[in-house]
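Have a look at coords-v8.pdb below; it lists PDB, C-alpha atoms, pLDDT in the B column.
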ATOM      1  CA  MET D   1      -1.504   9.256   9.731  1.00 91.00           C
ATOM      2  CA  LEU D   2      -4.476   7.707   7.896  1.00 97.00           C
ATOM      3  CA  VAL D   3      -7.995   8.029   9.263  1.00 97.00           C
ATOM      4  CA  ILE D   4     -10.919   6.420   7.420  1.00 97.00           C
ATOM      5  CA  ARG D   5     -14.404   7.135   8.755  1.00 96.00           C
ATOM      6  CA  ASP D   6     -17.547   5.313   7.629  1.00 96.00           C
ATOM      7  CA  LEU D   7     -16.361   5.023   4.036  1.00 96.00           C
ATOM      8  CA  LYS D   8     -18.781   3.787   1.395  1.00 95.00           C
ATOM      9  CA  LYS D   9     -18.119   3.135  -2.275  1.00 94.00           C
ATOM     10  CA  ILE D  10     -20.603   1.140  -4.366  1.00 93.00           C
ATOM     11  CA  TYR D  11     -20.041   0.729  -8.087  1.00 91.00           C
ATOM     12  CA  LYS D  12     -22.916   2.110 -10.125  1.00 89.00           C
ATOM     13  CA  GLY D  13     -25.416  -0.504 -11.250  1.00 86.00           C
ATOM     14  CA  THR D  14     -24.032  -3.141  -8.864  1.00 87.00           C
ATOM     15  CA  THR D  15     -24.015  -4.058  -5.197  1.00 85.00           C
ATOM     16  CA  LYS D  16     -20.233  -4.433  -5.177  1.00 89.00           C
ATOM     17  CA  GLY D  17     -17.963  -2.147  -3.192  1.00 92.00           C
ATOM     18  CA  ILE D  18     -17.327  -1.276   0.444  1.00 93.00           C
ATOM     19  CA  THR D  19     -19.645  -0.009   3.170  1.00 94.00           C
ATOM     20  CA  GLY D  20     -19.082   1.501   6.595  1.00 93.00           C
ATOM     21  CA  VAL D  21     -15.308   1.038   6.636  1.00 95.00           C
ATOM     22  CA  SER D  22     -13.501   2.830   9.478  1.00 96.00           C
ATOM     23  CA  LEU D  23      -9.785   2.366  10.191  1.00 96.00           C
ATOM     24  CA  HIS D  24      -6.971   4.305  11.860  1.00 96.00           C
ATOM     25  CA  VAL D  25      -3.359   3.860  10.761  1.00 97.00           C
ATOM     26  CA  GLU D  26      -0.912   5.556  13.117  1.00 96.00           C
ATOM     27  CA  LYS D  27       2.764   6.528  12.878  1.00 96.00           C
ATOM     28  CA  GLY D  28       4.946   3.444  13.036  1.00 96.00           C
ATOM     29  CA  ASP D  29       2.175   1.071  11.957  1.00 97.00           C
ATOM     30  CA  VAL D  30       2.641  -1.674   9.405  1.00 97.00           C
ATOM     31  CA  TYR D  31      -1.039  -2.404   8.811  1.00 97.00           C
ATOM     32  CA  ALA D  32      -2.168  -5.396   6.731  1.00 96.00           C
ATOM     33  CA  PHE D  33      -5.484  -5.364   4.886  1.00 95.00           C
ATOM     34  CA  ILE D  34      -6.555  -8.863   3.901  1.00 94.00           C
ATOM     35  CA  GLY D  35      -9.552 -10.508   2.298  1.00 91.00           C
ATOM     36  CA  HIS D  36     -10.545 -12.888  -0.470  1.00 88.00           C
ATOM     37  CA  ASN D  37     -10.640 -11.833  -4.133  1.00 87.00           C
ATOM     38  CA  GLY D  38     -13.511  -9.408  -4.687  1.00 87.00           C
ATOM     39  CA  ALA D  39     -13.853  -8.572  -0.987  1.00 88.00           C
ATOM     40  CA  GLY D  40     -13.206  -4.865  -1.548  1.00 91.00           C
ATOM     41  CA  LYS D  41      -9.475  -4.458  -0.856  1.00 93.00           C
ATOM     42  CA  THR D  42      -8.539  -2.694  -4.084  1.00 94.00           C
ATOM     43  CA  THR D  43     -11.752  -0.663  -3.992  1.00 94.00           C
ATOM     44  CA  LEU D  44     -10.807   0.758  -0.600  1.00 96.00           C
ATOM     45  CA  LEU D  45      -7.213   1.448  -1.612  1.00 96.00           C
ATOM     46  CA  LYS D  46      -8.283   3.289  -4.764  1.00 95.00           C
ATOM     47  CA  ALA D  47     -10.829   5.313  -2.774  1.00 96.00           C
ATOM     48  CA  ILE D  48      -8.369   6.428  -0.094  1.00 96.00           C
ATOM     49  CA  THR D  49      -5.760   7.376  -2.714  1.00 96.00           C
ATOM     50  CA  GLY D  50      -8.213   9.502  -4.683  1.00 95.00           C
ATOM     51  CA  ILE D  51      -8.244   7.272  -7.764  1.00 94.00           C
ATOM     52  CA  HIS D  52     -11.933   6.523  -7.209  1.00 93.00           C
ATOM     53  CA  ASP D  53     -14.438   8.890  -5.667  1.00 93.00           C
ATOM     54  CA  PHE D  54     -16.475   7.562  -2.748  1.00 94.00           C
ATOM     55  CA  ASP D  55     -20.157   7.900  -1.909  1.00 94.00           C
ATOM     56  CA  GLN D  56     -19.863   8.849   1.740  1.00 95.00           C
ATOM     57  CA  GLY D  57     -17.416   9.055   4.604  1.00 96.00           C
ATOM     58  CA  GLU D  58     -14.152  10.852   5.251  1.00 97.00           C
ATOM     59  CA  VAL D  59     -10.470  10.186   4.607  1.00 97.00           C
ATOM     60  CA  PHE D  60      -7.715  12.155   6.345  1.00 97.00           C
ATOM     61  CA  ILE D  61      -4.061  11.713   5.435  1.00 96.00           C
ATOM     62  CA  ASN D  62      -1.645  13.276   7.905  1.00 94.00           C
ATOM     63  CA  GLY D  63      -4.545  15.437   9.072  1.00 94.00           C
ATOM     64  CA  VAL D  64      -5.504  16.610   5.551  1.00 96.00           C
ATOM     65  CA  ASP D  65      -9.018  15.948   4.222  1.00 96.00           C
ATOM     66  CA  LEU D  66      -8.650  14.019   0.956  1.00 96.00           C
ATOM     67  CA  LYS D  67     -11.868  15.408  -0.532  1.00 94.00           C
ATOM     68  CA  LYS D  68     -11.354  19.017   0.483  1.00 95.00           C
ATOM     69  CA  ALA D  69      -7.633  19.247  -0.303  1.00 96.00           C
ATOM     70  CA  PRO D  70      -6.709  16.303  -2.565  1.00 95.00           C
ATOM     71  CA  LEU D  71      -3.384  17.647  -3.832  1.00 94.00           C
ATOM     72  CA  GLU D  72      -2.184  18.523  -0.335  1.00 95.00           C
ATOM     73  CA  ALA D  73      -3.253  15.092   0.934  1.00 95.00           C
ATOM     74  CA  LYS D  74      -1.518  13.277  -1.921  1.00 94.00           C
ATOM     75  CA  LYS D  75       1.805  14.947  -1.130  1.00 93.00           C
ATOM     76  CA  ASN D  76       1.914  12.883   2.052  1.00 94.00           C
ATOM     77  CA  PHE D  77       1.665   9.389   0.591  1.00 96.00           C
ATOM     78  CA  ALA D  78       2.952   7.079  -2.116  1.00 96.00           C
ATOM     79  CA  TYR D  79       0.812   4.430  -3.780  1.00 96.00           C
ATOM     80  CA  VAL D  80       1.967   1.141  -5.268  1.00 95.00           C
ATOM     81  CA  PRO D  81      -0.830  -0.446  -7.375  1.00 92.00           C
ATOM     82  CA  ASP D  82      -1.347  -4.167  -7.862  1.00 89.00           C
ATOM     83  CA  ASN D  83      -0.207  -3.937 -11.482  1.00 88.00           C
ATOM     84  CA  PRO D  84       2.851  -1.826 -12.395  1.00 84.00           C
ATOM     85  CA  ASP D  85       1.426  -0.015 -15.443  1.00 85.00           C
ATOM     86  CA  ILE D  86       4.024   2.687 -16.020  1.00 92.00           C
ATOM     87  CA  TYR D  87       5.339   4.761 -18.930  1.00 94.00           C
ATOM     88  CA  GLU D  88       7.117   2.179 -21.073  1.00 94.00           C
ATOM     89  CA  PHE D  89       8.482   4.790 -23.493  1.00 96.00           C
ATOM     90  CA  MET D  90      10.706   6.097 -20.692  1.00 97.00           C
ATOM     91  CA  THR D  91      13.911   4.607 -19.373  1.00 98.00           C
ATOM     92  CA  GLY D  92      14.001   3.600 -15.723  1.00 97.00           C
ATOM     93  CA  ILE D  93      16.043   6.639 -14.712  1.00 98.00           C
ATOM     94  CA  GLN D  94      13.768   8.984 -16.674  1.00 98.00           C
ATOM     95  CA  TYR D  95      10.759   7.601 -14.841  1.00 97.00           C
ATOM     96  CA  LEU D  96      12.391   8.018 -11.433  1.00 97.00           C
ATOM     97  CA  ASN D  97      13.411  11.579 -12.236  1.00 97.00           C
ATOM     98  CA  PHE D  98       9.864  12.283 -13.410  1.00 96.00           C
ATOM     99  CA  ILE D  99       8.472  11.085 -10.071  1.00 96.00           C
ATOM    100  CA  ALA D 100      11.115  13.102  -8.220  1.00 96.00           C
ATOM    101  CA  ASP D 101      10.058  16.200 -10.175  1.00 96.00           C
ATOM    102  CA  VAL D 102       6.380  15.630  -9.335  1.00 94.00           C
ATOM    103  CA  TYR D 103       7.154  15.487  -5.605  1.00 94.00           C
ATOM    104  CA  GLY D 104       9.782  18.234  -5.658  1.00 94.00           C
ATOM    105  CA  VAL D 105      12.681  16.043  -4.539  1.00 95.00           C
ATOM    106  CA  SER D 106      15.958  17.973  -4.684  1.00 95.00           C
ATOM    107  CA  ALA D 107      18.738  16.936  -7.065  1.00 94.00           C
ATOM    108  CA  ALA D 108      20.997  15.819  -4.210  1.00 94.00           C
ATOM    109  CA  ASP D 109      18.288  13.814  -2.428  1.00 95.00           C
ATOM    110  CA  ARG D 110      17.052  12.091  -5.574  1.00 95.00           C
ATOM    111  CA  GLU D 111      20.567  11.105  -6.614  1.00 95.00           C
ATOM    112  CA  SER D 112      21.375   9.521  -3.263  1.00 96.00           C
ATOM    113  CA  ARG D 113      17.976   7.856  -2.862  1.00 95.00           C
ATOM    114  CA  ILE D 114      17.913   6.462  -6.390  1.00 97.00           C
ATOM    115  CA  ALA D 115      21.421   5.092  -5.924  1.00 96.00           C
ATOM    116  CA  LEU D 116      20.492   3.523  -2.567  1.00 95.00           C
ATOM    117  CA  HIS D 117      17.262   1.839  -3.635  1.00 95.00           C
ATOM    118  CA  ALA D 118      18.377   0.860  -7.146  1.00 96.00           C
ATOM    119  CA  GLU D 119      21.405  -0.885  -5.680  1.00 96.00           C
ATOM    120  CA  ARG D 120      19.264  -2.484  -2.988  1.00 94.00           C
ATOM    121  CA  PHE D 121      16.806  -3.896  -5.522  1.00 95.00           C
ATOM    122  CA  GLU D 122      19.607  -4.711  -7.969  1.00 95.00           C
ATOM    123  CA  ILE D 123      18.395  -2.787 -11.018  1.00 96.00           C
ATOM    124  CA  THR D 124      21.095  -0.091 -11.224  1.00 97.00           C
ATOM    125  CA  ALA D 125      22.501  -1.547 -14.445  1.00 97.00           C
ATOM    126  CA  SER D 126      19.046  -1.492 -16.074  1.00 97.00           C
ATOM    127  CA  LEU D 127      18.040   2.098 -15.267  1.00 98.00           C
ATOM    128  CA  GLY D 128      19.249   3.303 -18.666  1.00 97.00           C
ATOM    129  CA  ASN D 129      17.060   0.770 -20.503  1.00 97.00           C
ATOM    130  CA  LEU D 130      13.525   1.364 -21.727  1.00 98.00           C
ATOM    131  CA  ILE D 131      10.877   0.215 -19.266  1.00 97.00           C
ATOM    132  CA  SER D 132       9.263  -1.704 -22.141  1.00 96.00           C
ATOM    133  CA  SER D 133      12.218  -4.103 -21.927  1.00 97.00           C
ATOM    134  CA  TYR D 134      11.679  -4.778 -18.205  1.00 96.00           C
ATOM    135  CA  SER D 135      10.195  -7.974 -16.818  1.00 93.00           C
ATOM    136  CA  HIS D 136       7.153  -7.739 -14.541  1.00 91.00           C
ATOM    137  CA  GLY D 137       9.396  -8.122 -11.504  1.00 92.00           C
ATOM    138  CA  MET D 138      11.725  -5.339 -12.646  1.00 94.00           C
ATOM    139  CA  LYS D 139       8.765  -3.023 -13.244  1.00 94.00           C
ATOM    140  CA  GLN D 140       7.528  -3.817  -9.747  1.00 94.00           C
ATOM    141  CA  LYS D 141      10.938  -2.954  -8.313  1.00 95.00           C
ATOM    142  CA  LEU D 142      10.981   0.343 -10.233  1.00 96.00           C
ATOM    143  CA  VAL D 143       7.551   1.287  -8.895  1.00 96.00           C
ATOM    144  CA  LEU D 144       8.683   0.458  -5.362  1.00 96.00           C
ATOM    145  CA  ILE D 145      11.792   2.618  -5.748  1.00 96.00           C
ATOM    146  CA  SER D 146       9.623   5.481  -7.015  1.00 96.00           C
ATOM    147  CA  ALA D 147       7.401   5.099  -3.952  1.00 96.00           C
ATOM    148  CA  PHE D 148      10.308   5.355  -1.514  1.00 96.00           C
ATOM    149  CA  LEU D 149      11.942   8.142  -3.537  1.00 95.00           C
ATOM    150  CA  HIS D 150      10.154  11.070  -1.879  1.00 94.00           C
ATOM    151  CA  ASP D 151      10.267   9.518   1.615  1.00 93.00           C
ATOM    152  CA  PRO D 152       6.473   9.495   2.075  1.00 94.00           C
ATOM    153  CA  ARG D 153       4.786   9.851   5.433  1.00 93.00           C
ATOM    154  CA  LEU D 154       2.366   7.099   4.404  1.00 97.00           C
ATOM    155  CA  LEU D 155       2.942   4.197   1.999  1.00 97.00           C
ATOM    156  CA  ILE D 156      -0.159   2.515   0.539  1.00 97.00           C
ATOM    157  CA  MET D 157       0.384  -0.694  -1.430  1.00 97.00           C
ATOM    158  CA  ASP D 158      -1.838  -3.207  -3.205  1.00 95.00           C
ATOM    159  CA  GLU D 159      -0.313  -6.710  -3.185  1.00 94.00           C
ATOM    160  CA  PRO D 160       3.282  -5.415  -3.247  1.00 94.00           C
ATOM    161  CA  PHE D 161       4.922  -8.842  -2.974  1.00 92.00           C
ATOM    162  CA  VAL D 162       3.358 -10.205  -6.176  1.00 87.00           C
ATOM    163  CA  GLY D 163       6.002 -10.669  -8.850  1.00 83.00           C
ATOM    164  CA  LEU D 164       8.949 -10.264  -6.494  1.00 89.00           C
ATOM    165  CA  ASP D 165      11.528 -12.988  -6.041  1.00 91.00           C
ATOM    166  CA  PRO D 166      12.307 -14.065  -2.450  1.00 92.00           C
ATOM    167  CA  LYS D 167      15.338 -11.768  -2.150  1.00 94.00           C
ATOM    168  CA  ALA D 168      13.428  -8.725  -3.445  1.00 93.00           C
ATOM    169  CA  ALA D 169      10.552  -9.533  -1.067  1.00 93.00           C
ATOM    170  CA  PHE D 170      13.007  -9.620   1.838  1.00 94.00           C
ATOM    171  CA  LEU D 171      14.511  -6.278   0.768  1.00 94.00           C
ATOM    172  CA  LEU D 172      11.055  -4.732   0.503  1.00 95.00           C
ATOM    173  CA  LYS D 173      10.299  -5.791   4.063  1.00 95.00           C
ATOM    174  CA  GLU D 174      13.556  -4.179   5.199  1.00 94.00           C
ATOM    175  CA  SER D 175      12.648  -0.941   3.404  1.00 95.00           C
ATOM    176  CA  MET D 176       9.205  -1.004   5.005  1.00 95.00           C
ATOM    177  CA  ARG D 177      10.700  -1.362   8.483  1.00 94.00           C
ATOM    178  CA  GLU D 178      13.082   1.524   7.807  1.00 94.00           C
ATOM    179  CA  LEU D 179      10.244   3.811   6.716  1.00 95.00           C
ATOM    180  CA  THR D 180       8.204   3.142   9.843  1.00 96.00           C
ATOM    181  CA  ALA D 181      11.316   3.548  12.033  1.00 95.00           C
ATOM    182  CA  ARG D 182      11.531   7.104  10.651  1.00 93.00           C
ATOM    183  CA  GLY D 183       7.978   7.770  11.815  1.00 94.00           C
ATOM    184  CA  GLY D 184       6.145   6.766   8.655  1.00 96.00           C
ATOM    185  CA  ALA D 185       3.262   4.314   8.334  1.00 97.00           C
ATOM    186  CA  ILE D 186       2.304   1.564   5.883  1.00 97.00           C
ATOM    187  CA  PHE D 187      -1.112   0.257   4.878  1.00 98.00           C
ATOM    188  CA  PHE D 188      -1.141  -2.573   2.357  1.00 97.00           C
ATOM    189  CA  SER D 189      -3.236  -5.420   1.052  1.00 95.00           C
ATOM    190  CA  THR D 190      -1.748  -8.874   0.716  1.00 92.00           C
ATOM    191  CA  HIS D 191      -2.569 -12.530   0.236  1.00 89.00           C
ATOM    192  CA  VAL D 192       0.739 -13.574   1.781  1.00 89.00           C
ATOM    193  CA  LEU D 193      -0.632 -14.195   5.250  1.00 92.00           C
ATOM    194  CA  ASP D 194       2.513 -15.531   6.887  1.00 91.00           C
ATOM    195  CA  VAL D 195       4.381 -12.376   5.871  1.00 90.00           C
ATOM    196  CA  ALA D 196       1.565 -10.194   7.191  1.00 92.00           C
ATOM    197  CA  GLU D 197       1.519 -12.048  10.510  1.00 93.00           C
ATOM    198  CA  LYS D 198       5.275 -11.640  11.048  1.00 92.00           C
ATOM    199  CA  LEU D 199       5.696  -8.143   9.623  1.00 94.00           C
ATOM    200  CA  CYS D 200       2.606  -6.233  10.745  1.00 96.00           C
ATOM    201  CA  ASN D 201       1.540  -4.894  14.116  1.00 96.00           C
ATOM    202  CA  LYS D 202      -2.072  -4.370  12.978  1.00 96.00           C
ATOM    203  CA  VAL D 203      -4.469  -6.163  10.654  1.00 95.00           C
ATOM    204  CA  ALA D 204      -7.958  -5.753   9.223  1.00 95.00           C
ATOM    205  CA  ILE D 205      -9.959  -8.484   7.502  1.00 93.00           C
ATOM    206  CA  VAL D 206     -12.592  -7.507   4.938  1.00 92.00           C
ATOM    207  CA  ARG D 207     -15.461  -9.676   3.747  1.00 91.00           C
ATOM    208  CA  GLU D 208     -18.042  -8.588   1.165  1.00 91.00           C
ATOM    209  CA  GLY D 209     -17.067  -4.955   1.542  1.00 92.00           C
ATOM    210  CA  GLN D 210     -17.181  -4.803   5.342  1.00 93.00           C
ATOM    211  CA  ILE D 211     -14.525  -5.047   8.040  1.00 93.00           C
ATOM    212  CA  ILE D 212     -15.201  -8.148  10.098  1.00 90.00           C
ATOM    213  CA  ALA D 213     -12.084  -8.132  12.316  1.00 88.00           C
ATOM    214  CA  ASP D 214      -9.444  -5.504  12.987  1.00 92.00           C
ATOM    215  CA  GLY D 215      -6.982  -4.311  15.583  1.00 93.00           C
ATOM    216  CA  LEU D 216      -3.550  -5.086  16.981  1.00 94.00           C
ATOM    217  CA  MET D 217      -2.193  -8.328  15.556  1.00 93.00           C
ATOM    218  CA  GLN D 218      -1.569  -9.689  19.059  1.00 90.00           C
ATOM    219  CA  ASP D 219      -5.182  -8.990  20.043  1.00 90.00           C
ATOM    220  CA  VAL D 220      -6.721 -10.338  16.844  1.00 88.00           C
ATOM    221  CA  LEU D 221      -4.699 -13.567  17.016  1.00 89.00           C
ATOM    222  CA  LYS D 222      -5.770 -15.040  20.334  1.00 82.00           C
ATOM    223  CA  ASP D 223      -5.084 -18.453  21.853  1.00 77.00           C
ATOM    224  CA  GLY D 224      -2.310 -19.270  19.395  1.00 79.00           C
ATOM    225  CA  VAL D 225      -4.524 -18.973  16.321  1.00 87.00           C
ATOM    226  CA  SER D 226      -2.574 -18.156  13.146  1.00 91.00           C
ATOM    227  CA  LEU D 227      -3.626 -15.397  10.769  1.00 92.00           C
ATOM    228  CA  GLU D 228      -4.328 -18.031   8.137  1.00 89.00           C
ATOM    229  CA  ASP D 229      -6.640 -19.925  10.510  1.00 88.00           C
ATOM    230  CA  LEU D 230      -8.440 -16.733  11.520  1.00 86.00           C
ATOM    231  CA  PHE D 231      -8.802 -15.660   7.902  1.00 86.00           C
ATOM    232  CA  MET D 232     -10.321 -18.986   6.863  1.00 86.00           C
ATOM    233  CA  GLU D 233     -12.689 -18.909   9.838  1.00 83.00           C
ATOM    234  CA  THR D 234     -13.870 -15.336   9.343  1.00 75.00           C
ATOM    235  CA  VAL D 235     -14.359 -15.441   5.576  1.00 71.00           C
ATOM    236  CA  THR D 236     -16.476 -18.576   5.831  1.00 70.00           C
ATOM    237  CA  SER D 237     -18.481 -17.823   8.981  1.00 64.00           C
ATOM    238  CA  GLY D 238     -19.606 -14.253   8.197  1.00 51.00           C
ATOM    239  CA  PRO D 239     -19.411 -10.997  10.135  1.00 47.00           C
ATOM    240  CA  SER D 240     -18.037 -11.318  13.657  1.00 43.00           C
ATOM    241  CA  GLY D 241     -17.642  -7.692  14.589  1.00 43.00           C
ATOM    242  CA  SER D 242     -14.549  -5.694  15.325  1.00 41.00           C
ATOM    243  CA  SER D 243     -11.873  -7.090  17.567  1.00 40.00           C
ATOM    244  CA  LYS D 244     -11.166  -3.650  19.027  1.00 37.00           C
TER     245      LYS D 244
END

For this file, write the structure as structure tokens.
Amino acid sequence: MLVIRDLKKIYKGTTKGITGVSLHVEKGDVYAFIGHNGAGKTTLLKAITGIHDFDQGEVFINGVDLKKAPLEAKKNFAYVPDNPDIYEFMTGIQYLNFIADVYGVSAADRESRIALHAERFEITASLGNLISSYSHGMKQKLVLISAFLHDPRLLIMDEPFVGLDPKAAFLLKESMRELTARGGAIFFSTHVLDVAEKLCNKVAIVREGQIIADGLMQDVLKDGVSLEDLFMETVTSGPSGSSK
């Protein structure tokens, strides 16, 4: 579903970025990408979504080369950024219909999907209001609904649980499980390690722009070690190699 091969992205005039990142997200995966602030999580996510160009390497989304066929590749995924900067001059329903138009979602499908997810995330009554009147949490919910709206093959998210109340976070996890049950895949960054440990079947830990541990959650967490313990050990002790 998502194949990343030897990806490198260094910001001009700095040494910051990512180097030699290779990962494989398969159908049915809920794949957590964790690391400390500045480790390279957002850099990788913006590179694999086409927001930032990258210096070397390859990215394939559902078998489509992101560099060679970016529009075709982007049809296969939805991206939820770490900050929900969206068109505040629109109402919620206008924004969702705009996203549905971009992805060619039929009138019948968009109506049923908007109704389902808006009710689930409890913002149906606010869809007619301007987005500028929304709280941060409501904007986050709207962005999440827009991501699920076209039933993507791959969902890429940057810190999706930030700004969500406990009930909304629970509902997001349910929506994530439903997407993967339909054969989709999810790759997301998070600082909420206990959620990642319980929800995900795979994990990768990044430190200073390089993957230092990755693989099946059950293989990465050996001898009863928690994800939090492993994270603290790996980010302080330096590169330890892949767990694959």

Original post:
Skipping near chain neighbours, those fewer than 2 positions away, what residues fall within 8 Å of stretch 167-180 of chain D using all atoms listed in the file, listed as a VMD selection string?
Top reply: chain D and resid 27 to 30 120 to 121 141 151 161 164 to 165 182 to 186 199

If you keep C-alpha atoms, can you produce a file of those selected residues as a PDB file, in the coordinates of the input?
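Result went into out-v9.pdb, see below:
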ATOM      1  CA  LYS D  27       2.764   6.528  12.878  1.00 96.00           C
ATOM      2  CA  GLY D  28       4.946   3.444  13.036  1.00 96.00           C
ATOM      3  CA  ASP D  29       2.175   1.071  11.957  1.00 97.00           C
ATOM      4  CA  VAL D  30       2.641  -1.674   9.405  1.00 97.00           C
ATOM      5  CA  ARG D 120      19.264  -2.484  -2.988  1.00 94.00           C
ATOM      6  CA  PHE D 121      16.806  -3.896  -5.522  1.00 95.00           C
ATOM      7  CA  LYS D 141      10.938  -2.954  -8.313  1.00 95.00           C
ATOM      8  CA  ASP D 151      10.267   9.518   1.615  1.00 93.00           C
ATOM      9  CA  PHE D 161       4.922  -8.842  -2.974  1.00 92.00           C
ATOM     10  CA  LEU D 164       8.949 -10.264  -6.494  1.00 89.00           C
ATOM     11  CA  ASP D 165      11.528 -12.988  -6.041  1.00 91.00           C
ATOM     12  CA  ARG D 182      11.531   7.104  10.651  1.00 93.00           C
ATOM     13  CA  GLY D 183       7.978   7.770  11.815  1.00 94.00           C
ATOM     14  CA  GLY D 184       6.145   6.766   8.655  1.00 96.00           C
ATOM     15  CA  ALA D 185       3.262   4.314   8.334  1.00 97.00           C
ATOM     16  CA  ILE D 186       2.304   1.564   5.883  1.00 97.00           C
ATOM     17  CA  LEU D 199       5.696  -8.143   9.623  1.00 94.00           C
TER      18      LEU D 199
END

Subject >> d(atom CA of D:Gly17, atom CA of D:Glu233) in Å >> reply: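 Value for the atom CA of D:Gly17-atom CA of D:Glu233 distance: 21.9 Å.
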
On this structure, which residues satisfy the PyMOL selection byres ((chain D and resi 127) around 9), written as a CSV table (one decimal) with C-alpha atoms, in the frame of the given file?
chain,number,residue,atom,x,y,z
D,91,THR,CA,13.9,4.6,-19.4
D,92,GLY,CA,14.0,3.6,-15.7
D,93,ILE,CA,16.0,6.6,-14.7
D,94,GLN,CA,13.8,9.0,-16.7
D,118,ALA,CA,18.4,0.9,-7.1
D,123,ILE,CA,18.4,-2.8,-11.0
D,124,THR,CA,21.1,-0.1,-11.2
D,125,ALA,CA,22.5,-1.5,-14.4
D,126,SER,CA,19.0,-1.5,-16.1
D,128,GLY,CA,19.2,3.3,-18.7
D,129,ASN,CA,17.1,0.8,-20.5
D,130,LEU,CA,13.5,1.4,-21.7
D,131,ILE,CA,10.9,0.2,-19.3
D,142,LEU,CA,11.0,0.3,-10.2

Subject >> Option closest in space to D:Ser135, from D:Ala147, D:Val102, D:Asp85, D:Met217 [counting only C-alpha atoms] >> reply: D:Asp85

Original post:
Which residues match the PyMOL selection byres ((chain D and resi 72-83) around 10) in the file above, as number ranges by chain?
Top reply: D: 1-2, 42, 45-46, 48-50, 59-71, 84-86, 102-104, 136, 139-140, 143-163, 184-190

**OP:** Counting only C-alpha atoms, figure out which residue out of D:Met90, D:Gly137, D:Lys16, D:Val25 gets nearest to D:Cys200.
**Re:**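 Checking each candidate against D:Cys200, we get D:Val25 as the closest.
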
List as a PDB file with C-alpha atoms, keeping the file's coordinate frame the protein and nucleic acid residues near D:Tyr11, meaning an atom at most 12 Å away when all atoms listed in the file are counted, but skip any in the same chain fewer than 5 places from it.
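Dumped to selection23.pdb:
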ATOM      1  CA  LYS D  16     -20.233  -4.433  -5.177  1.00 89.00           C
ATOM      2  CA  GLY D  17     -17.963  -2.147  -3.192  1.00 92.00           C
ATOM      3  CA  ILE D  18     -17.327  -1.276   0.444  1.00 93.00           C
ATOM      4  CA  THR D  19     -19.645  -0.009   3.170  1.00 94.00           C
ATOM      5  CA  GLY D  40     -13.206  -4.865  -1.548  1.00 91.00           C
ATOM      6  CA  THR D  43     -11.752  -0.663  -3.992  1.00 94.00           C
ATOM      7  CA  LEU D  44     -10.807   0.758  -0.600  1.00 96.00           C
ATOM      8  CA  ALA D  47     -10.829   5.313  -2.774  1.00 96.00           C
ATOM      9  CA  HIS D  52     -11.933   6.523  -7.209  1.00 93.00           C
ATOM     10  CA  ASP D  53     -14.438   8.890  -5.667  1.00 93.00           C
ATOM     11  CA  PHE D  54     -16.475   7.562  -2.748  1.00 94.00           C
ATOM     12  CA  ASP D  55     -20.157   7.900  -1.909  1.00 94.00           C
ATOM     13  CA  GLY D 209     -17.067  -4.955   1.542  1.00 92.00           C
TER      14      GLY D 209
END

Taking 4 positions as the minimum chain separation for residues in the same chain, which residues sit within 12 Å of D:His36 when counting all atoms listed in the file? Answer as an mmCIF file with C-alpha atoms, keeping the file's coordinate frame.
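Printed below is out_14.cif as written:
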data_model
loop_
_atom_site.group_PDB
_atom_site.id
_atom_site.type_symbol
_atom_site.label_atom_id
_atom_site.label_comp_id
_atom_site.auth_asym_id
_atom_site.auth_seq_id
_atom_site.Cartn_x
_atom_site.Cartn_y
_atom_site.Cartn_z
ATOM 1 C CA GLY D 40 -13.206 -4.865 -1.548
ATOM 2 C CA LYS D 41 -9.475 -4.458 -0.856
ATOM 3 C CA THR D 42 -8.539 -2.694 -4.084
ATOM 4 C CA SER D 189 -3.236 -5.420 1.052
ATOM 5 C CA THR D 190 -1.748 -8.874 0.716
ATOM 6 C CA HIS D 191 -2.569 -12.530 0.236
ATOM 7 C CA VAL D 192 0.739 -13.574 1.781
ATOM 8 C CA LEU D 193 -0.632 -14.195 5.250
ATOM 9 C CA ILE D 205 -9.959 -8.484 7.502
ATOM 10 C CA VAL D 206 -12.592 -7.507 4.938
ATOM 11 C CA ARG D 207 -15.461 -9.676 3.747
ATOM 12 C CA GLU D 208 -18.042 -8.588 1.165
ATOM 13 C CA GLY D 209 -17.067 -4.955 1.542
ATOM 14 C CA GLN D 210 -17.181 -4.803 5.342
ATOM 15 C CA GLU D 228 -4.328 -18.031 8.137
ATOM 16 C CA PHE D 231 -8.802 -15.660 7.902
ATOM 17 C CA MET D 232 -10.321 -18.986 6.863
ATOM 18 C CA THR D 234 -13.870 -15.336 9.343
ATOM 19 C CA VAL D 235 -14.359 -15.441 5.576
ATOM 20 C CA THR D 236 -16.476 -18.576 5.831
#

**OP:** Name the residues that the PyMOL selection byres ((chain D and resi 213) around 12) picks from the file above, as JSON, numbers by chain, using the file's chain letters and numbers.
**Re:** {"D": [21, 22, 23, 32, 33, 34, 35, 202, 203, 204, 205, 206, 207, 210, 211, 212, 214, 215, 216, 217, 219, 220, 221, 227, 230, 231, 233, 234, 235, 238, 239, 240, 241, 242, 243, 244]}

Original post:
What does the distance from atom CA of D:Gly224 to atom CA of D:His24 come to in Å, to one decimal?
Top reply: 25.2 Å
